[in-house]
Structure formats: C-alpha cells, structure tokens
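Chemist: As input, take data.pdb (PDB, C-alpha atoms, pLDDT in the B column):
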ATOM      1  CA  MET A 982      21.477  -1.307 -32.831  1.00 53.00           C
ATOM      2  CA  ASP A 983      20.704  -4.443 -34.807  1.00 55.00           C
ATOM      3  CA  SER A 984      22.393  -7.761 -34.138  1.00 62.00           C
ATOM      4  CA  ASP A 985      21.420  -9.182 -37.533  1.00 64.00           C
ATOM      5  CA  ARG A 986      23.820  -7.667 -40.049  1.00 66.00           C
ATOM      6  CA  ARG A 987      21.829  -8.937 -43.036  1.00 68.00           C
ATOM      7  CA  SER A 988      18.729  -6.843 -42.259  1.00 66.00           C
ATOM      8  CA  ALA A 989      18.164  -3.657 -44.195  1.00 66.00           C
ATOM      9  CA  GLN A 990      19.038  -0.355 -42.590  1.00 73.00           C
ATOM     10  CA  VAL A 991      16.217   2.100 -42.096  1.00 71.00           C
ATOM     11  CA  GLU A 992      17.024   5.298 -43.921  1.00 77.00           C
ATOM     12  CA  ARG A 993      13.796   7.147 -43.339  1.00 79.00           C
ATOM     13  CA  LEU A 994      11.088   6.708 -40.752  1.00 75.00           C
ATOM     14  CA  GLU A 995       7.803   8.507 -41.080  1.00 79.00           C
ATOM     15  CA  VAL A 996       5.285   8.727 -38.246  1.00 75.00           C
ATOM     16  CA  VAL A 997       1.720   9.081 -39.393  1.00 73.00           C
ATOM     17  CA  GLY A 998      -0.886  10.251 -36.898  1.00 68.00           C
ATOM     18  CA  THR A 999      -3.888   7.983 -36.615  1.00 66.00           C
ATOM     19  CA  GLY A1000      -6.185  10.636 -35.202  1.00 65.00           C
ATOM     20  CA  ARG A1001      -7.478   8.275 -32.519  1.00 66.00           C
ATOM     21  CA  ARG A1002      -6.462  10.360 -29.511  1.00 72.00           C
ATOM     22  CA  ARG A1003      -9.237  12.585 -28.296  1.00 79.00           C
ATOM     23  CA  ARG A1004      -9.331  15.100 -25.495  1.00 84.00           C
ATOM     24  CA  TRP A1005     -12.520  14.992 -23.452  1.00 87.00           C
ATOM     25  CA  SER A1006     -13.693  17.999 -21.467  1.00 90.00           C
ATOM     26  CA  GLU A1007     -14.811  17.523 -17.872  1.00 90.00           C
ATOM     27  CA  ASP A1008     -18.434  18.171 -18.919  1.00 91.00           C
ATOM     28  CA  GLU A1009     -18.259  15.506 -21.634  1.00 92.00           C
ATOM     29  CA  LYS A1010     -16.717  13.013 -19.204  1.00 91.00           C
ATOM     30  CA  LEU A1011     -19.423  13.716 -16.631  1.00 90.00           C
ATOM     31  CA  LYS A1012     -22.167  13.231 -19.238  1.00 91.00           C
ATOM     32  CA  ILE A1013     -20.683   9.868 -20.280  1.00 91.00           C
ATOM     33  CA  VAL A1014     -20.246   8.756 -16.656  1.00 91.00           C
ATOM     34  CA  LEU A1015     -23.834   9.661 -15.784  1.00 91.00           C
ATOM     35  CA  GLU A1016     -25.080   7.746 -18.814  1.00 90.00           C
ATOM     36  CA  SER A1017     -23.101   4.665 -17.760  1.00 89.00           C
ATOM     37  CA  LEU A1018     -24.688   4.816 -14.291  1.00 89.00           C
ATOM     38  CA  GLN A1019     -28.309   4.894 -15.517  1.00 88.00           C
ATOM     39  CA  ALA A1020     -28.848   1.133 -15.621  1.00 83.00           C
ATOM     40  CA  PRO A1021     -26.914  -1.963 -14.552  1.00 82.00           C
ATOM     41  CA  ARG A1022     -24.305  -3.321 -16.962  1.00 83.00           C
ATOM     42  CA  GLN A1023     -24.084  -0.135 -19.001  1.00 86.00           C
ATOM     43  CA  VAL A1024     -20.315   0.372 -18.781  1.00 91.00           C
ATOM     44  CA  ALA A1025     -19.388  -1.670 -21.863  1.00 91.00           C
ATOM     45  CA  ALA A1026     -22.297  -0.397 -23.973  1.00 92.00           C
ATOM     46  CA  THR A1027     -21.619   3.229 -23.065  1.00 92.00           C
ATOM     47  CA  ALA A1028     -17.901   2.838 -23.700  1.00 92.00           C
ATOM     48  CA  ARG A1029     -18.585   1.361 -27.161  1.00 92.00           C
ATOM     49  CA  ARG A1030     -21.066   4.130 -27.991  1.00 91.00           C
ATOM     50  CA  TYR A1031     -18.484   6.846 -27.285  1.00 91.00           C
ATOM     51  CA  GLY A1032     -15.439   4.978 -28.565  1.00 89.00           C
ATOM     52  CA  VAL A1033     -13.550   4.774 -25.261  1.00 91.00           C
ATOM     53  CA  SER A1034     -12.214   1.750 -23.459  1.00 91.00           C
ATOM     54  CA  ARG A1035     -14.065   0.273 -20.490  1.00 92.00           C
ATOM     55  CA  SER A1036     -11.053   0.816 -18.247  1.00 93.00           C
ATOM     56  CA  LEU A1037     -10.955   4.521 -19.123  1.00 92.00           C
ATOM     57  CA  LEU A1038     -14.679   4.858 -18.394  1.00 92.00           C
ATOM     58  CA  LEU A1039     -14.232   3.083 -15.054  1.00 91.00           C
ATOM     59  CA  ARG A1040     -11.355   5.448 -14.210  1.00 93.00           C
ATOM     60  CA  TRP A1041     -13.628   8.423 -14.976  1.00 92.00           C
ATOM     61  CA  ARG A1042     -16.344   6.925 -12.759  1.00 90.00           C
ATOM     62  CA  ARG A1043     -13.876   6.592  -9.868  1.00 89.00           C
ATOM     63  CA  SER A1044     -12.693  10.182 -10.311  1.00 89.00           C
ATOM     64  CA  PHE A1045     -16.272  11.523 -10.207  1.00 86.00           C
ATOM     65  CA  ARG A1046     -17.243   9.393  -7.184  1.00 83.00           C
ATOM     66  CA  PRO A1047     -18.014  11.590  -4.172  1.00 77.00           C
ATOM     67  CA  GLU A1048     -15.685  11.267  -1.205  1.00 70.00           C
ATOM     68  CA  PRO A1049     -17.371  10.082   2.003  1.00 66.00           C
ATOM     69  CA  LYS A1050     -17.604  12.973   4.458  1.00 64.00           C
ATOM     70  CA  ASP A1051     -16.973  10.989   7.627  1.00 61.00           C
ATOM     71  CA  ALA A1052     -14.364   8.547   6.367  1.00 58.00           C
ATOM     72  CA  ALA A1053     -12.136   7.528   9.232  1.00 61.00           C
ATOM     73  CA  GLN A1054      -8.491   8.025   8.455  1.00 63.00           C
ATOM     74  CA  PRO A1055      -6.221   5.230   9.693  1.00 65.00           C
ATOM     75  CA  GLY A1056      -3.728   6.360  12.262  1.00 70.00           C
ATOM     76  CA  PHE A1057      -2.487   5.978  15.776  1.00 72.00           C
ATOM     77  CA  VAL A1058      -4.761   5.850  18.759  1.00 70.00           C
ATOM     78  CA  PRO A1059      -3.401   7.781  21.729  1.00 74.00           C
ATOM     79  CA  ALA A1060      -2.620   5.748  24.828  1.00 74.00           C
ATOM     80  CA  VAL A1061      -3.896   7.139  28.090  1.00 76.00           C
ATOM     81  CA  VAL A1062      -2.305   6.136  31.386  1.00 77.00           C
ATOM     82  CA  ILE A1063      -4.450   6.722  34.435  1.00 75.00           C
ATOM     83  CA  ALA A1064      -2.957   6.393  37.874  1.00 69.00           C
ATOM     84  CA  GLU A1065      -4.910   4.084  40.150  1.00 67.00           C
ATOM     85  CA  SER A1066      -5.604   5.068  43.694  1.00 67.00           C
ATOM     86  CA  GLY A1067      -3.936   2.834  46.218  1.00 62.00           C
ATOM     87  CA  PRO A1068      -0.484   1.319  46.512  1.00 59.00           C
ATOM     88  CA  THR A1069       1.963   1.782  43.655  1.00 56.00           C
ATOM     89  CA  PRO A1070       2.396  -1.347  41.563  1.00 51.00           C
ATOM     90  CA  SER A1071       5.585  -3.314  41.874  1.00 51.00           C
ATOM     91  CA  PRO A1072       7.683  -4.483  38.898  1.00 51.00           C
ATOM     92  CA  VAL A1073       6.427  -7.452  36.861  1.00 48.00           C
ATOM     93  CA  THR A1074       6.492 -10.565  38.987  1.00 47.00           C
ATOM     94  CA  PRO A1075       5.970 -14.255  38.227  1.00 48.00           C
ATOM     95  CA  ALA A1076       2.478 -15.484  37.335  1.00 47.00           C
ATOM     96  CA  SER A1077       2.000 -17.075  40.746  1.00 52.00           C
ATOM     97  CA  SER A1078       1.763 -13.630  42.354  1.00 51.00           C
ATOM     98  CA  GLY A1079      -1.084 -12.582  40.000  1.00 55.00           C
ATOM     99  CA  GLY A1080       0.547  -9.710  38.059  1.00 66.00           C
ATOM    100  CA  SER A1081      -1.051  -9.143  34.628  1.00 73.00           C
ATOM    101  CA  ILE A1082      -1.360  -6.635  31.811  1.00 76.00           C
ATOM    102  CA  GLU A1083      -4.264  -6.317  29.385  1.00 78.00           C
ATOM    103  CA  ILE A1084      -3.981  -4.737  25.910  1.00 76.00           C
ATOM    104  CA  GLU A1085      -7.151  -3.723  24.057  1.00 75.00           C
ATOM    105  CA  PHE A1086      -6.798  -3.119  20.313  1.00 72.00           C
ATOM    106  CA  ALA A1087      -8.871  -0.668  18.270  1.00 68.00           C
ATOM    107  CA  ALA A1088     -10.540  -3.562  16.399  1.00 68.00           C
ATOM    108  CA  GLY A1089     -11.969  -4.800  19.701  1.00 72.00           C
ATOM    109  CA  ALA A1090      -9.540  -7.660  20.318  1.00 72.00           C
ATOM    110  CA  ARG A1091      -7.932  -8.013  23.766  1.00 75.00           C
ATOM    111  CA  MET A1092      -4.730  -9.633  24.914  1.00 76.00           C
ATOM    112  CA  ARG A1093      -4.063 -10.478  28.572  1.00 78.00           C
ATOM    113  CA  ILE A1094      -0.522 -11.303  29.668  1.00 77.00           C
ATOM    114  CA  THR A1095       0.161 -12.750  33.094  1.00 77.00           C
ATOM    115  CA  GLY A1096       3.573 -13.351  34.589  1.00 74.00           C
ATOM    116  CA  THR A1097       6.879 -12.821  32.856  1.00 76.00           C
ATOM    117  CA  VAL A1098       7.057 -13.031  29.064  1.00 73.00           C
ATOM    118  CA  ASP A1099      10.026 -12.915  26.713  1.00 75.00           C
ATOM    119  CA  ALA A1100      10.077  -9.522  24.917  1.00 77.00           C
ATOM    120  CA  ALA A1101      10.478 -11.073  21.432  1.00 79.00           C
ATOM    121  CA  THR A1102       7.525 -13.422  22.007  1.00 76.00           C
ATOM    122  CA  LEU A1103       5.352 -10.549  23.260  1.00 76.00           C
ATOM    123  CA  LYS A1104       6.300  -8.370  20.289  1.00 79.00           C
ATOM    124  CA  ALA A1105       5.441 -11.164  17.806  1.00 78.00           C
ATOM    125  CA  ALA A1106       2.094 -11.857  19.508  1.00 76.00           C
ATOM    126  CA  VAL A1107       1.101  -8.181  19.555  1.00 75.00           C
ATOM    127  CA  ALA A1108       2.085  -7.773  15.878  1.00 78.00           C
ATOM    128  CA  ALA A1109       0.082 -10.863  14.894  1.00 74.00           C
ATOM    129  CA  LEU A1110      -2.979  -9.679  16.807  1.00 69.00           C
ATOM    130  CA  ALA A1111      -2.726  -6.173  15.361  1.00 68.00           C
ATOM    131  CA  ASP A1112      -2.549  -7.615  11.810  1.00 69.00           C
ATOM    132  CA  GLY A1113      -5.610  -9.772  12.437  1.00 61.00           C
ATOM    133  CA  ARG A1114      -3.824 -13.119  12.167  1.00 56.00           C
ATOM    134  CA  LEU A1115      -4.767 -14.137  15.711  1.00 52.00           C
ATOM    135  CA  ARG A1116      -8.363 -14.180  16.917  1.00 49.00           C
TER     136      ARG A1116
END
Go ahead and render the structure in this file as structure tokens.

Modeler:
Amino acid sequence: MDSDRRSAQVERLEVVGTGRRRRWSEDEKLKIVLESLQAPRQVAATARRYGVSRSLLLRWRRSFRPEPKDAAQPGFVPAVVIAESGPTPSPVTPASSGGSIEIEFAAGARMRITGTVDAATLKAAVAALADGRLR
C-alpha cells in the first residue's frame, strides 16, 4: 500500500541470505563465556574475536551463571496469634485508656498504633511502611 502514486511498483523482490546468522552449540557458548570471564574488561574483546555482539555474550553469561542455593523467595510471612494469659482484651478504646497494637515487618521496621485510627489512614501507613517509603 503506497500513498505516493508516482513511485514505481515492485514487480519482483528477491531476498538474498547474508550468511551472518550462526548457531552456537552449548559447548561453544560455554567456551566463549569462560574466556570472557578470565580477566576484567574482556567482554568486548571476546565478543569481537568471535563475531558476536556484547549484549548476546552478556546474555550467555547470565544464562550460565549458577543459581544461588539458598536464595530466599519473596512471599508471605505467616501471622501467629498467641493468646495471652489473663483477662480477655476489650475492643479498641481511646488512647487515654492505653490500648495499643504493634506491627513488626519482615524488614525489621515496627509500627505502634495507640488509640483509635481511621481505617484508610492505617491502611496507607502500613502500605507506605511495607514499601519502604517510611522509616
């Protein structure tokens, strides 16, 4: 679809292979990656020597990088509720009576809330602390 009516129509289109695409075996990739790791700043020189781009060599290096064995997977931390001995707590009361709640986050931060708090304000504060915006 050509908007310029004066241009010539293509009657025949021939695609000529350039021969630049190469398939590397896993052994060849590993040999190249190991060579690039032998000394600092060898990525560009190794890539030029084998005729590959630096980004492709860096991708190969990432794929051959060993996975850490004890990598902690992000996820939820279970909450444990332990009943205290003594009188059962009453519903949340004003701050003057001394009622409070303390939330400890996995990153080590703590939040103490005393008295009555609006639910929307509490939700925003907890979200900000969990994201690391409040310290």

Chemist: Give the answer as one residue: which of A:Ala1108, A:Ile1084, A:Ala1101, A:Val1014 has the shortest atom-to-atom distance to Arg1046 of chain A, using all atoms listed in the file?

Modeler: A:Val1014

Chemist: Within 10 Å of Glu1007 of chain A, counting all atoms listed in the file, which residues show up once you throw out same-chain ones fewer than 4 positions away? Write them as a ChimeraX atom specification, please.

Modeler: /A:1011-1013,1041,1045

Chemist: Written as number ranges by chain, which residues does the PyMOL selection byres ((chain A and resi 1015-1018) around 12) give for the file shown?

Modeler: A: 1008-1014, 1019-1031, 1035, 1038-1039, 1041-1043, 1045-1046

Chemist: Please dump the current selection as a PDB file, in the frame of the given file; keep C-alpha atoms.

Modeler:
ATOM      1  CA  ASP A1008     -18.434  18.171 -18.919  1.00 91.00           C
ATOM      2  CA  GLU A1009     -18.259  15.506 -21.634  1.00 92.00           C
ATOM      3  CA  LYS A1010     -16.717  13.013 -19.204  1.00 91.00           C
ATOM      4  CA  LEU A1011     -19.423  13.716 -16.631  1.00 90.00           C
ATOM      5  CA  LYS A1012     -22.167  13.231 -19.238  1.00 91.00           C
ATOM      6  CA  ILE A1013     -20.683   9.868 -20.280  1.00 91.00           C
ATOM      7  CA  VAL A1014     -20.246   8.756 -16.656  1.00 91.00           C
ATOM      8  CA  GLN A1019     -28.309   4.894 -15.517  1.00 88.00           C
ATOM      9  CA  ALA A1020     -28.848   1.133 -15.621  1.00 83.00           C
ATOM     10  CA  PRO A1021     -26.914  -1.963 -14.552  1.00 82.00           C
ATOM     11  CA  ARG A1022     -24.305  -3.321 -16.962  1.00 83.00           C
ATOM     12  CA  GLN A1023     -24.084  -0.135 -19.001  1.00 86.00           C
ATOM     13  CA  VAL A1024     -20.315   0.372 -18.781  1.00 91.00           C
ATOM     14  CA  ALA A1025     -19.388  -1.670 -21.863  1.00 91.00           C
ATOM     15  CA  ALA A1026     -22.297  -0.397 -23.973  1.00 92.00           C
ATOM     16  CA  THR A1027     -21.619   3.229 -23.065  1.00 92.00           C
ATOM     17  CA  ALA A1028     -17.901   2.838 -23.700  1.00 92.00           C
ATOM     18  CA  ARG A1029     -18.585   1.361 -27.161  1.00 92.00           C
ATOM     19  CA  ARG A1030     -21.066   4.130 -27.991  1.00 91.00           C
ATOM     20  CA  TYR A1031     -18.484   6.846 -27.285  1.00 91.00           C
ATOM     21  CA  ARG A1035     -14.065   0.273 -20.490  1.00 92.00           C
ATOM     22  CA  LEU A1038     -14.679   4.858 -18.394  1.00 92.00           C
ATOM     23  CA  LEU A1039     -14.232   3.083 -15.054  1.00 91.00           C
ATOM     24  CA  TRP A1041     -13.628   8.423 -14.976  1.00 92.00           C
ATOM     25  CA  ARG A1042     -16.344   6.925 -12.759  1.00 90.00           C
ATOM     26  CA  ARG A1043     -13.876   6.592  -9.868  1.00 89.00           C
ATOM     27  CA  PHE A1045     -16.272  11.523 -10.207  1.00 86.00           C
ATOM     28  CA  ARG A1046     -17.243   9.393  -7.184  1.00 83.00           C
TER      29      ARG A1046
END

Chemist: May I ask for the distance between atom CA of Thr1097 of chain A and atom CA of Ile1082 of chain A, given in Å to one decimal place?

Modeler: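 Atom CA of Ile1082 of chain A lies at a distance of 10.4 Å from atom CA of Thr1097 of chain A.
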
Chemist: Measure the distance from atom CA of Val1098 of chain A to atom CA of Ser1081 of chain A in Å and round it to one decimal.

Modeler: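 Atom CA of Val1098 of chain A sits 10.6 Å away from atom CA of Ser1081 of chain A.
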
Chemist: Find the distance between atom CA of Val1061 of chain A and atom CA of Thr1102 of chain A and write it in Å to one decimal.

Modeler: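 For atom CA of Val1061 of chain A relative to atom CA of Thr1102 of chain A, the distance reads 24.3 Å.
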